[in-house]
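**Student:** Here you go, this is target.txt (compact mmCIF, C-alpha atoms).
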# COMPACT_ATOMS: atom_id res chain seq x y z
CA MET T 1 -45.04 3.90 76.11
CA THR T 2 -43.17 5.09 73.05
CA PRO T 3 -39.47 4.27 73.30
CA ASP T 4 -37.22 7.30 73.43
CA ARG T 5 -34.09 7.87 71.39
CA ASP T 6 -31.90 6.16 73.99
CA ASP T 7 -34.11 3.07 73.94
CA LEU T 8 -34.00 2.84 70.15
CA LEU T 9 -30.27 3.30 70.15
CA ALA T 10 -29.76 0.61 72.77
CA TYR T 11 -32.08 -1.63 70.80
CA ALA T 12 -30.00 -1.18 67.64
CA LEU T 13 -26.85 -1.84 69.66
CA GLY T 14 -28.36 -5.02 71.07
CA THR T 15 -27.84 -3.94 74.66
CA LEU T 16 -31.42 -4.01 75.96
CA SER T 17 -32.66 -6.69 78.31
CA PRO T 18 -35.15 -9.23 76.90
CA ALA T 19 -38.04 -7.44 78.59
CA GLU T 20 -36.96 -4.06 77.27
CA THR T 21 -36.44 -5.56 73.84
CA ALA T 22 -39.95 -6.97 73.81
CA ARG T 23 -41.37 -3.59 74.76
CA VAL T 24 -39.50 -1.80 71.98
CA GLU T 25 -40.46 -4.45 69.46
CA ALA T 26 -44.12 -4.03 70.30
CA GLU T 27 -43.82 -0.34 69.52
CA LEU T 28 -41.86 -1.02 66.35
CA ASP T 29 -44.65 -3.27 65.13
CA ARG T 30 -47.06 -0.40 65.52
CA ASP T 31 -44.98 2.47 64.21
CA PRO T 32 -43.29 2.48 60.78
CA ALA T 33 -41.53 5.73 61.63
CA LEU T 34 -39.80 4.04 64.56
CA ARG T 35 -38.85 1.14 62.32
CA ALA T 36 -37.33 3.61 59.88
CA GLU T 37 -35.37 5.14 62.75
CA VAL T 38 -33.98 1.77 63.75
CA ARG T 39 -33.22 0.91 60.15
CA THR T 40 -31.13 4.05 59.81
CA ASP T 41 -29.39 3.36 63.13
CA LEU T 42 -28.50 -0.13 61.94
CA ASP T 43 -27.17 1.23 58.67
CA ALA T 44 -25.06 3.72 60.61
CA LEU T 45 -23.74 1.06 62.99
CA ALA T 46 -22.88 -1.12 60.02
CA LEU T 47 -20.31 1.53 59.14
CA LEU T 48 -18.27 0.12 62.01
CA LEU T 49 -17.58 -2.88 59.84
CA ASP T 50 -15.79 -0.66 57.36
CA ASP T 51 -12.99 -0.50 59.90
CA LEU T 52 -12.48 -4.25 59.83
CA ASP T 53 -10.29 -6.08 57.37
CA PRO T 54 -12.18 -9.16 56.16
CA GLN T 55 -9.30 -10.33 54.01
CA ALA T 56 -7.07 -10.68 57.06
CA VAL T 57 -9.21 -13.25 58.85
CA PRO T 58 -8.91 -16.99 58.34
CA VAL T 59 -11.99 -18.86 57.18
CA PRO T 60 -12.23 -22.67 57.21
CA ALA T 61 -11.54 -24.03 53.75
CA ASP T 62 -14.88 -25.81 53.45
CA ALA T 63 -17.02 -23.48 55.53
CA GLY T 64 -19.63 -23.35 52.77
CA GLY T 65 -19.75 -27.13 52.48
CA GLU T 66 -20.16 -27.55 56.22
CA LEU T 67 -22.97 -25.03 56.24
CA LEU T 68 -24.71 -26.82 53.39
CA ALA T 69 -24.35 -30.18 55.12
CA ARG T 70 -25.94 -28.73 58.23
CA VAL T 71 -28.79 -27.24 56.23
CA ARG T 72 -29.48 -30.52 54.48
CA ALA T 73 -29.32 -32.48 57.71
CA GLN T 74 -31.84 -30.13 59.24
CA GLU T 75 -34.09 -30.39 56.20
CA ALA T 76 -33.89 -34.19 56.31
CA GLN T 77 -34.70 -34.18 59.99
CA ALA T 78 -37.73 -32.02 59.26
CA GLY T 79 -38.82 -34.49 56.57
CA ARG T 80 -38.48 -32.03 53.74
CA PRO T 81 -37.30 -33.02 50.25
CA PRO T 82 -33.78 -31.87 49.41
CA ALA T 83 -33.60 -28.45 47.86
CA SER T 84 -31.95 -27.86 44.54
CA GLY T 85 -29.46 -25.43 43.12
CA ALA T 86 -26.17 -26.48 44.62
CA ALA T 87 -23.70 -29.28 44.17
CA PRO T 88 -23.76 -32.21 46.61
CA PRO T 89 -22.21 -31.19 49.91
CA ALA T 90 -19.04 -32.58 51.25
CA ALA T 91 -19.67 -35.70 53.30
CA ARG T 92 -18.95 -34.20 56.68
CA PRO T 93 -21.02 -34.61 59.77
CA PRO T 94 -22.82 -31.46 60.87
CA ARG T 95 -21.26 -29.86 63.89
CA ARG T 96 -22.38 -27.90 66.84
CA TRP T 97 -26.03 -28.81 66.79
CA PRO T 98 -26.28 -28.37 70.53
CA ILE T 99 -25.19 -24.80 70.08
CA ALA T 100 -27.79 -24.31 67.38
CA LEU T 101 -30.52 -25.57 69.65
CA GLY T 102 -29.70 -22.80 72.06
CA LEU T 103 -29.95 -20.10 69.46
CA VAL T 104 -33.57 -19.24 69.80
CA ALA T 105 -33.00 -16.80 72.61
CA ALA T 106 -29.84 -15.49 71.04
CA LEU T 107 -31.63 -14.52 67.86
CA ALA T 108 -34.64 -12.95 69.47
CA LEU T 109 -33.25 -9.47 69.05
CA ALA T 110 -32.25 -9.97 65.45
CA PHE T 111 -35.64 -11.34 64.56
CA ALA T 112 -37.18 -8.10 65.62
CA LEU T 113 -36.18 -6.94 62.16
CA LEU T 114 -38.47 -9.52 60.66
CA PRO T 115 -42.00 -8.71 59.58
CA ARG T 116 -44.87 -9.28 61.95
CA PRO T 117 -48.59 -8.71 61.70
CA GLN T 118 -49.02 -5.00 61.88
CA THR T 119 -51.34 -2.14 61.28
CA ASP T 120 -51.62 -0.61 57.83
CA PRO T 121 -48.26 1.10 57.30
CA LEU T 122 -49.70 3.44 54.69
CA GLU T 123 -52.09 4.85 57.23
CA VAL T 124 -49.31 5.34 59.72
CA TYR T 125 -47.06 7.08 57.22
CA ARG T 126 -49.90 9.29 56.03
CA THR T 127 -50.42 10.55 59.54
CA THR T 128 -46.73 11.08 60.29
CA PRO T 129 -46.05 14.77 61.00
CA GLY T 130 -44.65 16.45 57.89
CA ALA T 131 -45.85 13.73 55.51
CA VAL T 132 -46.80 14.76 51.97
CA GLU T 133 -49.01 12.34 50.07
CA ARG T 134 -49.23 11.91 46.29
CA SER T 135 -51.45 9.73 44.17
CA LEU T 136 -49.74 7.29 41.84
CA GLU T 137 -51.57 6.71 38.57
CA ALA T 138 -51.16 4.36 35.63
CA GLY T 139 -53.28 4.75 32.51
CA GLY T 140 -55.43 7.31 34.21
CA GLU T 141 -56.24 5.00 37.08
CA ARG T 142 -54.99 5.31 40.63
CA VAL T 143 -52.67 2.43 41.43
CA GLY T 144 -51.11 3.55 44.67
CA THR T 145 -49.80 6.25 46.95
CA LEU T 146 -46.44 7.86 47.51
CA VAL T 147 -45.78 9.48 50.88
CA GLN T 148 -42.81 11.79 51.31
CA LEU T 149 -41.58 11.89 54.89
CA PRO T 150 -39.04 14.04 56.70
CA GLU T 151 -35.31 13.35 56.23
CA GLY T 152 -35.69 12.16 52.64
CA ARG T 153 -37.71 9.08 53.45
CA VAL T 154 -40.23 8.01 50.84
CA TYR T 155 -42.87 5.33 51.21
CA VAL T 156 -44.31 3.85 48.02
CA HIS T 157 -47.50 1.84 48.39
CA LEU T 158 -49.32 0.05 45.56
CA SER T 159 -52.89 -1.07 45.96
CA ARG T 160 -53.04 -3.84 43.36
CA THR T 161 -52.07 -7.34 44.46
CA LEU T 162 -49.86 -9.10 41.96
CA PRO T 163 -49.92 -12.83 41.17
CA PRO T 164 -47.28 -14.90 43.00
CA GLU T 165 -45.05 -15.12 39.96
CA ARG T 166 -44.70 -11.35 39.77
CA THR T 167 -43.38 -8.67 42.11
CA TYR T 168 -43.12 -4.90 42.13
CA GLN T 169 -39.68 -3.39 41.78
CA LEU T 170 -38.87 0.21 42.66
CA TRP T 171 -36.30 2.08 40.60
CA GLN T 172 -34.57 5.40 40.87
CA ILE T 173 -33.89 7.02 37.51
CA GLN T 174 -30.33 8.34 37.57
CA ASP T 175 -29.13 10.03 34.38
CA GLY T 176 -31.76 8.14 32.46
CA THR T 177 -30.73 4.79 33.89
CA PRO T 178 -32.99 2.85 36.26
CA VAL T 179 -31.22 1.77 39.44
CA SER T 180 -33.01 -0.79 41.59
CA LEU T 181 -34.15 0.27 45.05
CA GLY T 182 -35.68 -3.10 45.90
CA VAL T 183 -38.60 -5.38 45.30
CA PHE T 184 -41.82 -5.40 47.28
CA GLU T 185 -45.30 -6.82 47.38
CA ARG T 186 -47.25 -3.89 48.75
CA GLY T 187 -45.09 -1.08 50.07
CA LEU T 188 -41.46 -0.08 50.36
CA LEU T 189 -39.73 2.61 52.43
CA VAL T 190 -36.56 4.12 50.99
CA THR T 191 -34.41 7.17 51.54
CA LEU T 192 -33.83 9.44 48.54
CA SER T 193 -32.22 12.74 47.73
CA PRO T 194 -34.46 15.70 46.93
CA GLY T 195 -35.36 15.87 43.25
CA ALA T 196 -35.01 12.13 42.67
CA THR T 197 -37.26 10.41 40.16
CA VAL T 198 -38.66 6.99 40.94
CA ALA T 199 -40.53 4.40 38.89
CA VAL T 200 -42.11 1.02 39.51
CA SER T 201 -42.20 -1.95 37.17
CA VAL T 202 -43.61 -5.46 37.47
CA GLU T 203 -40.88 -8.07 37.48
CA PRO T 204 -40.29 -11.78 38.05
CA PRO T 205 -39.84 -12.90 41.70
CA GLY T 206 -36.64 -11.54 43.14
CA GLY T 207 -36.62 -8.62 40.76
CA SER T 208 -34.49 -7.94 37.71
CA PRO T 209 -31.11 -6.29 37.25
CA GLN T 210 -32.78 -4.03 34.72
CA PRO T 211 -36.49 -3.43 34.17
CA THR T 212 -38.13 -5.91 31.84
CA THR T 213 -41.50 -4.20 31.54
CA THR T 214 -42.77 -0.71 30.90
CA PRO T 215 -43.00 1.17 34.19
CA LEU T 216 -46.38 1.54 35.76
CA PHE T 217 -45.56 5.15 36.48
CA VAL T 218 -42.68 7.56 36.76
CA GLN T 219 -42.81 10.01 39.63
CA PRO T 220 -40.44 12.92 40.22
CA LEU T 221 -40.21 13.93 43.87
CA MET A 1 -23.68 -4.27 26.29
CA ASN A 2 -27.10 -3.97 27.82
CA CYS A 3 -29.32 -6.86 27.01
CA GLY A 4 -33.06 -7.36 26.98
CA LEU A 5 -35.37 -4.42 27.62
CA ALA A 6 -34.49 -0.94 28.72
CA TRP A 7 -36.22 2.31 29.44
CA THR A 8 -35.67 5.43 27.42
CA VAL A 9 -36.32 8.70 29.21
CA GLN A 10 -38.68 10.97 27.30
CA GLY A 11 -38.76 14.72 27.77
CA PRO A 12 -41.13 16.19 30.31
CA ALA A 13 -44.19 16.66 28.10
CA ILE A 14 -46.14 17.59 31.20
CA PRO A 15 -44.43 19.74 33.81
CA GLY A 16 -43.49 17.63 36.76
CA ARG A 17 -43.92 14.41 34.83
CA VAL A 18 -41.34 12.28 33.11
CA SER A 19 -42.22 9.43 30.82
CA LEU A 20 -40.18 6.35 30.05
CA ARG A 21 -40.52 4.21 26.97
CA LEU A 22 -39.56 0.58 26.92
CA ARG A 23 -37.25 -0.38 24.13
CA VAL A 24 -35.94 -3.75 23.07
CA LEU A 25 -32.20 -4.25 22.88
CA ALA A 26 -30.33 -7.00 21.11
CA CYS A 27 -30.29 -9.93 23.46
CA PRO A 28 -30.10 -13.69 23.22
CA HIS A 29 -32.50 -14.04 26.13
CA PRO A 30 -35.80 -12.36 25.41
CA MET A 31 -37.21 -12.06 28.89
CA PHE A 32 -34.45 -11.04 31.21
CA ALA A 33 -31.77 -8.44 31.31
CA ASP A 34 -28.07 -9.20 31.32
CA PRO A 35 -27.79 -12.65 32.89
CA THR A 36 -24.18 -12.03 33.86
CA THR A 37 -25.21 -9.34 36.34
CA GLU A 38 -24.85 -10.60 39.89
CA PRO A 39 -28.08 -10.90 41.85
CA THR A 40 -28.51 -8.47 44.71
CA ASP A 41 -28.33 -9.68 48.29
CA GLU A 42 -32.07 -9.14 48.53
CA THR A 43 -32.58 -11.38 45.51
CA LEU A 44 -30.43 -14.07 47.10
CA LEU A 45 -32.53 -13.99 50.26
CA ARG A 46 -35.68 -14.32 48.21
CA GLN A 47 -34.17 -17.29 46.41
CA MET A 48 -33.11 -18.80 49.72
CA ALA A 49 -36.68 -18.49 50.91
CA GLY A 50 -37.60 -20.69 47.97
CA GLY A 51 -35.05 -23.31 48.99
CA ASP A 52 -32.24 -22.33 46.64
CA GLU A 53 -29.06 -23.68 48.20
CA ALA A 54 -26.89 -22.04 45.56
CA ALA A 55 -28.18 -18.66 46.72
CA LEU A 56 -27.16 -19.54 50.28
CA LEU A 57 -23.68 -20.47 49.16
CA GLU A 58 -23.39 -17.25 47.18
CA LEU A 59 -24.47 -15.17 50.18
CA HIS A 60 -22.00 -17.13 52.28
CA ARG A 61 -19.25 -16.45 49.76
CA ARG A 62 -19.99 -12.74 49.84
CA TYR A 63 -20.15 -12.27 53.59
CA VAL A 64 -18.36 -15.07 55.43
CA ARG A 65 -15.19 -13.01 55.73
CA LEU A 66 -16.99 -9.88 56.84
CA LEU A 67 -18.95 -11.73 59.52
CA SER A 68 -15.81 -13.57 60.60
CA ALA A 69 -13.95 -10.27 60.90
CA LEU A 70 -16.78 -8.96 63.08
CA GLY A 71 -16.57 -12.13 65.13
CA TYR A 72 -12.85 -11.77 65.69
CA ARG A 73 -13.37 -8.20 66.78
CA MET A 74 -15.92 -9.36 69.34
CA LEU A 75 -14.78 -12.83 70.44
CA ARG A 76 -11.08 -13.11 69.53
CA GLN A 77 -11.23 -16.92 69.44
CA ARG A 78 -11.24 -18.65 66.09
CA GLU A 79 -13.29 -21.73 66.93
CA ASP A 80 -15.98 -19.65 68.60
CA VAL A 81 -16.07 -17.30 65.63
CA ASP A 82 -16.41 -20.08 63.06
CA ALA A 83 -19.25 -21.72 64.99
CA CYS A 84 -21.15 -18.47 65.45
CA VAL A 85 -20.73 -17.45 61.82
CA GLN A 86 -22.12 -20.78 60.70
CA ASP A 87 -25.02 -20.32 63.13
CA ALA A 88 -25.73 -16.91 61.60
CA PHE A 89 -25.92 -18.22 58.05
CA PHE A 90 -27.92 -21.22 59.16
CA ASN A 91 -30.52 -19.00 60.75
CA ALA A 92 -30.54 -16.65 57.78
CA TRP A 93 -31.41 -19.68 55.67
CA ARG A 94 -34.18 -20.77 58.03
CA HIS A 95 -35.74 -17.34 58.23
CA ALA A 96 -35.04 -15.91 54.78
CA GLY A 97 -38.75 -16.03 53.99
CA ARG A 98 -39.38 -13.50 56.73
CA PHE A 99 -36.87 -10.97 55.48
CA ASP A 100 -38.56 -7.66 54.74
CA PRO A 101 -36.53 -5.15 52.70
CA SER A 102 -38.56 -2.29 54.11
CA ARG A 103 -37.13 -3.04 57.58
CA ALA A 104 -33.49 -3.53 56.76
CA ARG A 105 -31.11 -4.04 53.91
CA ALA A 106 -30.14 -7.65 53.37
CA LYS A 107 -26.58 -7.00 54.46
CA THR A 108 -27.71 -5.19 57.60
CA TRP A 109 -30.15 -7.98 58.37
CA LEU A 110 -27.44 -10.60 58.07
CA VAL A 111 -24.95 -8.56 60.09
CA SER A 112 -27.58 -8.07 62.82
CA ILE A 113 -28.17 -11.80 63.07
CA ALA A 114 -24.44 -12.43 63.40
CA HIS A 115 -23.92 -9.51 65.79
CA HIS A 116 -26.58 -10.79 68.17
CA ARG A 117 -25.17 -14.29 67.95
CA PHE A 118 -21.74 -12.97 68.96
CA LEU A 119 -23.27 -10.94 71.78
CA GLN A 120 -25.06 -14.01 73.05
CA HIS A 121 -21.78 -15.89 73.00
CA LEU A 122 -20.14 -13.12 75.00
CA ARG A 123 -22.92 -13.30 77.58
CA ASP A 124 -22.68 -17.08 77.75
CA ARG A 125 -18.90 -16.97 77.97
CA PRO A 126 -17.99 -14.02 80.18
CA ASP A 127 -14.45 -15.38 80.38
CA VAL A 128 -13.77 -14.05 76.89
CA ALA A 129 -14.65 -10.51 77.89
CA LEU A 130 -11.91 -7.91 77.90
CA GLU A 131 -11.14 -5.38 80.52
CA LEU A 132 -11.60 -1.77 79.58
CA GLU A 133 -7.88 -1.08 79.47
CA ASP A 134 -7.48 -3.85 76.90
CA TRP A 135 -10.10 -2.37 74.71
CA ASP A 136 -8.37 0.78 73.59
CA THR A 137 -5.79 -1.16 71.63
CA PRO A 138 -7.52 -4.21 70.19
CA THR A 139 -5.26 -7.19 69.78
CA PRO A 140 -5.84 -9.72 67.02
CA ALA A 141 -6.28 -13.36 67.82
CA PRO A 142 -2.96 -15.12 67.95
CA ASP A 143 -3.72 -17.33 64.98
CA HIS A 144 -4.40 -14.61 62.44
CA GLU A 145 -2.88 -11.34 61.45
CA GLY A 146 -5.86 -9.14 62.05
CA ARG A 147 -5.37 -5.50 61.56
CA LEU A 148 -7.57 -2.48 61.73
CA LEU A 149 -7.87 -0.21 58.78
CA ALA A 150 -7.50 3.51 59.28
CA GLY A 151 -10.79 4.51 60.84
CA ARG A 152 -13.03 5.51 57.99
CA ALA A 153 -16.42 5.18 59.60
CA LEU A 154 -15.16 5.90 63.08
CA GLY A 155 -13.21 8.85 61.81
CA VAL A 156 -16.28 10.99 62.30
CA LEU A 157 -16.20 10.31 66.05
CA ASP A 158 -14.07 11.86 68.71
CA PRO A 159 -12.12 9.45 70.96
CA ALA A 160 -14.65 9.56 73.78
CA GLN A 161 -17.56 8.78 71.47
CA ARG A 162 -15.62 6.08 69.73
CA GLU A 163 -14.77 4.32 72.97
CA LEU A 164 -18.40 4.21 74.04
CA ILE A 165 -19.71 3.08 70.67
CA GLU A 166 -17.17 0.29 70.47
CA LEU A 167 -17.78 -0.89 74.01
CA ALA A 168 -21.51 -0.95 73.35
CA TYR A 169 -21.50 -2.49 69.88
CA TYR A 170 -18.62 -4.92 70.16
CA ARG A 171 -18.99 -5.83 73.84
CA GLY A 172 -22.72 -5.40 74.34
CA HIS A 173 -22.44 -3.17 77.39
CA SER A 174 -25.64 -1.40 78.41
CA HIS A 175 -25.82 2.29 79.27
CA SER A 176 -25.51 1.59 82.98
CA GLU A 177 -22.66 -0.84 82.45
CA LEU A 178 -20.85 1.75 80.37
CA ALA A 179 -21.32 4.30 83.12
CA ALA A 180 -19.85 1.88 85.65
CA LEU A 181 -16.97 0.93 83.35
CA THR A 182 -15.97 4.45 82.43
CA GLY A 183 -16.93 6.32 85.58
CA LEU A 184 -19.05 8.72 83.55
CA PRO A 185 -22.49 9.84 84.70
CA LEU A 186 -25.28 7.85 83.05
CA GLY A 187 -26.62 10.97 81.37
CA THR A 188 -23.22 11.69 79.83
CA VAL A 189 -23.02 8.15 78.49
CA LYS A 190 -26.41 8.49 76.86
CA SER A 191 -25.72 11.89 75.34
CA ARG A 192 -22.35 10.79 73.97
CA LEU A 193 -23.89 7.72 72.39
CA ARG A 194 -26.69 9.80 70.88
CA SER A 195 -24.31 12.32 69.40
CA ALA A 196 -22.04 9.54 68.12
CA LEU A 197 -24.93 7.91 66.29
CA GLU A 198 -25.98 11.23 64.84
CA ARG A 199 -22.50 11.70 63.42
CA MET A 200 -22.47 8.21 62.01
CA ARG A 201 -25.91 8.71 60.50
CA GLY A 202 -24.58 11.87 58.95
CA ALA A 203 -21.71 9.89 57.47
CA LEU A 204 -24.27 7.77 55.66
CA HIS A 205 -25.32 10.79 53.65
CA THR A 206 -21.96 12.37 53.01
CA GLY A 207 -20.33 9.53 51.16
CA LYS A 208 -18.15 8.53 54.08
CA GLY A 209 -20.01 5.30 54.36
CA GLU A 210 -21.99 2.96 52.22
CA HIS A 211 -25.28 4.33 50.99
CA PRO A 212 -28.12 3.01 53.14
CA LEU A 213 -30.01 1.79 50.11
Can I see the file as structure tokens?
**Tutor:**
Amino acid sequence: MTPDRDDLLAYALGTLSPAETARVEAELDRDPALRAEVRTDLDALALLLDDLDPQAVPVPADAGGELLARVRAQEAQAGRPPASGAAPPAARPPRRWPIALGLVAALALAFALLPRPQTDPLEVYRTTPGAVERSLEAGGERVGTLVQLPEGRVYVHLSRTLPPERTYQLWQIQDGTPVSLGVFERGLLVTLSPGATVAVSVEPPGGSPQPTTTPLFVQPL
Amino acid sequence: MNCGLAWTVQGPAIPGRVSLRLRVLACPHPMFADPTTEPTDETLLRQMAGGDEAALLELHRRYVRLLSALGYRMLRQREDVDACVQDAFFNAWRHAGRFDPSRARAKTWLVSIAHHRFLQHLRDRPDVALELEDWDTPTPAPDHEGRLLAGRALGVLDPAQRELIELAYYRGHSHSELAALTGLPLGTVKSRLRSALERMRGALHTGKGEHPL
């Protein structure tokens, strides 16, 4: 049964029971439009944090070092080689492992935001009521599909698979300047104002602050 | 100065089409744009997925205070907050490879992990819960000078909506629990929460809040 607005809202608030959460998550896996609803709810709820004052709270002096020590201890326990990119951690014993072991249930709701095997999102967006589909072409060849959805949502889907050392990056062209909207492997859902112009380039993993290649296409909405 | 490669917007030669031309700018690094530009949160998560500890520390630097402030709002006890915040970052590290930007922004994803961790702590430790009458005037923990900024995001809500949203988000109360706490009919609780979220969603698009992208 499709969750109603109250269910989705309670899900975003984290107030559903585990059973109700599992039911909503199953529907979210199947329906990109529902996922977009939840995403917007979460963005709206995140506005609550604007009312907090982060600078007024105390933070342990070596909180980062303690976190890193815990990460490395966990990696060592798992038999993985140490990762690189940070200075050696402070020699402090990791704390609160027992608490961590009990986190699996606690994080179940949050992990609902994580990707799961799902049906083709492009097909779902195409069939969403009010969807308008456009072909995306590069050099005269179709490379993907853009689907405009109600409430300014836009789904960009590219059909070519890139090598692992490359990723797609979506840009919005604002006053002639590309502004990153995110990186993606196959498809990306964003919310844009009417009349926006988007482009996609191929970038190194993680994306680039500015485009480093000629865009595959530029598409006014 | 911009560095590397940039796009130049060309006039609309074809109606409805805009073309961009790549141009090379003076730059000591031929492949990448301005290296001094800070990576996005999404980039940090991608780097964390590849085992980059520096990316984890940078994400921690950016958000440890925000998550701690959220924790104080929900738990009010410093030691509990510190432990839960560390748990949140630890799990973000473990699951960074599963982050999907089409489902949530990186910041929202991280906040959700922390929020649910705090909620779980509240459910495990009901003794830290506040009574309803305490909730209207939040009190900072005794060991820090917490203060609430003038309600920017919550300014779009009326007092009744605000009370329900805060009780639900910060205390994790379900619809039925809210009805019992406030004495309101269940249907009224639901409709007030729906209308509150609609107003907050509207604030996303009117510049009152951070842009969802």
**Student:** Kindly indicate which residue among A:Gly155, A:Gly50, A:Gly202, A:Gly187 lies nearest to Asp43 of chain T, using only C-alpha atoms for the distances.
**Tutor:** A:Gly202
**Student:** What is the distance between atom CA of Pro3 of chain T and atom CA of Ala19 of chain T, in Å to one decimal?
**Tutor:**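 Those two atoms sit 12.9 Å apart.
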**Student:** Just the number, please: distance in Å from atom CA of Asp100 of chain A to atom CA of Gly51 of chain A, one decimal.
**Tutor:**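 That distance, rounded to one decimal, is 17.0 Å.
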**Student:** Find, counting all atoms listed in the file, the residue in T:Gly176, T:Gly130, T:Gly206, T:Gly64 that gets nearest to Pro164 of chain T.
**Tutor:**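 Nearest candidate to Pro164 of chain T out of T:Gly176, T:Gly130, T:Gly206, T:Gly64: T:Gly206.
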**Student:** What is the atom CA of Leu28 of chain T-atom CA of Arg5 of chain T distance in Å, reported with one decimal?
**Tutor:**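 Interatomic distance, atom CA of Leu28 of chain T to atom CA of Arg5 of chain T: 12.8 Å.
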**Student:** Let me make sure I understand: among A:Val111, A:Ala54, A:Leu119, A:Ala106, which one has the smallest atom-to-atom distance to chain T if we use all atoms listed in the file?
**Tutor:**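 Checking each of A:Val111, A:Ala54, A:Leu119, A:Ala106 against chain T, counting all atoms listed in the file, the winner is A:Ala54.
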**Student:** Could you check the closest approach to Phe184 of chain T for each of T:Ala196, T:Val143, T:Leu49, T:Leu170 and tell me which residue wins, using all atoms listed in the file?
**Tutor:**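 Once distances to Phe184 of chain T are computed over all atoms listed in the file, the minimum belongs to T:Leu170.
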**Student:** Here is a test: counting only C-alpha atoms, which residue of T:Val202, T:Ala46, T:Leu146, T:Leu8 is nearest to chain A?
**Tutor:** T:Ala46
**Student:** How would you write as a ChimeraX atom specification the residues that get within 8 Å of (-11.8, -4.6, 56.2) in the file's frame, counting only C-alpha atoms?
**Tutor:** /T:49-56 /A:66,69,148-149
**Student:** Identify which of the residues A:Gln86, A:Ala196, A:Asp80, A:Leu186 lies closest to Glu166 of chain A, counting only C-alpha atoms when measuring atom-to-atom distances.
**Tutor:**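 Among the listed residues, A:Ala196 lies closest to Glu166 of chain A.
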**Student:** Write out as a PyMOL selection string the residues lying within 10 Å of Thr188 of chain A, counting only C-alpha atoms and excluding same-chain residues fewer than 5 positions away.
**Tutor:** chain A and resi 175+179+193-194
**Student:** Show which residues sit within 12 Å of segment 29-35 of chain T, as a ChimeraX atom specification. Count only C-alpha atoms, and ignore same-chain residues fewer than 5 positions away.
**Tutor:** /T:1-5,7-9,11-12,22-24,40-42,112-131,149-151,153-155,187-190 /A:100-104
**Student:** Around all of segment 197-207 of chain T's listed atoms, make the axis-aligned box with 4 Å on each side and tell me centre and edge lengths in Å to one decimal, as JSON.
**Tutor:**
{"center_x": -40.1, "center_y": -1.2, "center_z": 40.2, "size_x": 15.0, "size_y": 31.3, "size_z": 14.0}
**Student:** Set the distance at 12 Å and use only C-alpha atoms: which residues neighbour Pro60 of chain T once local chain neighbours fewer than 3 positions away are removed? I'd like the list as a list in words.
**Tutor:**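 Listing them by chain and then by number gives Val57, Ala63, Gly64, Gly65, Glu66 and Leu67 of chain T; Arg61, Val64, Arg65, Ser68, Arg78, Glu79, Val81, Asp82, Ala83, Val85 and Gln86 of chain A.
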**Student:** Would you pick out the contacts of Val156 of chain A at 8 Å or less, using all atoms listed in the file, so that residues sharing its chain but fewer than 5 positions from it are not included, and give the list as a CSV table (one decimal) with C-alpha atoms, keeping the file's coordinate frame?
**Tutor:**
chain,number,residue,atom,x,y,z
A,199,ARG,CA,-22.5,11.7,63.4
A,200,MET,CA,-22.5,8.2,62.0
A,203,ALA,CA,-21.7,9.9,57.5
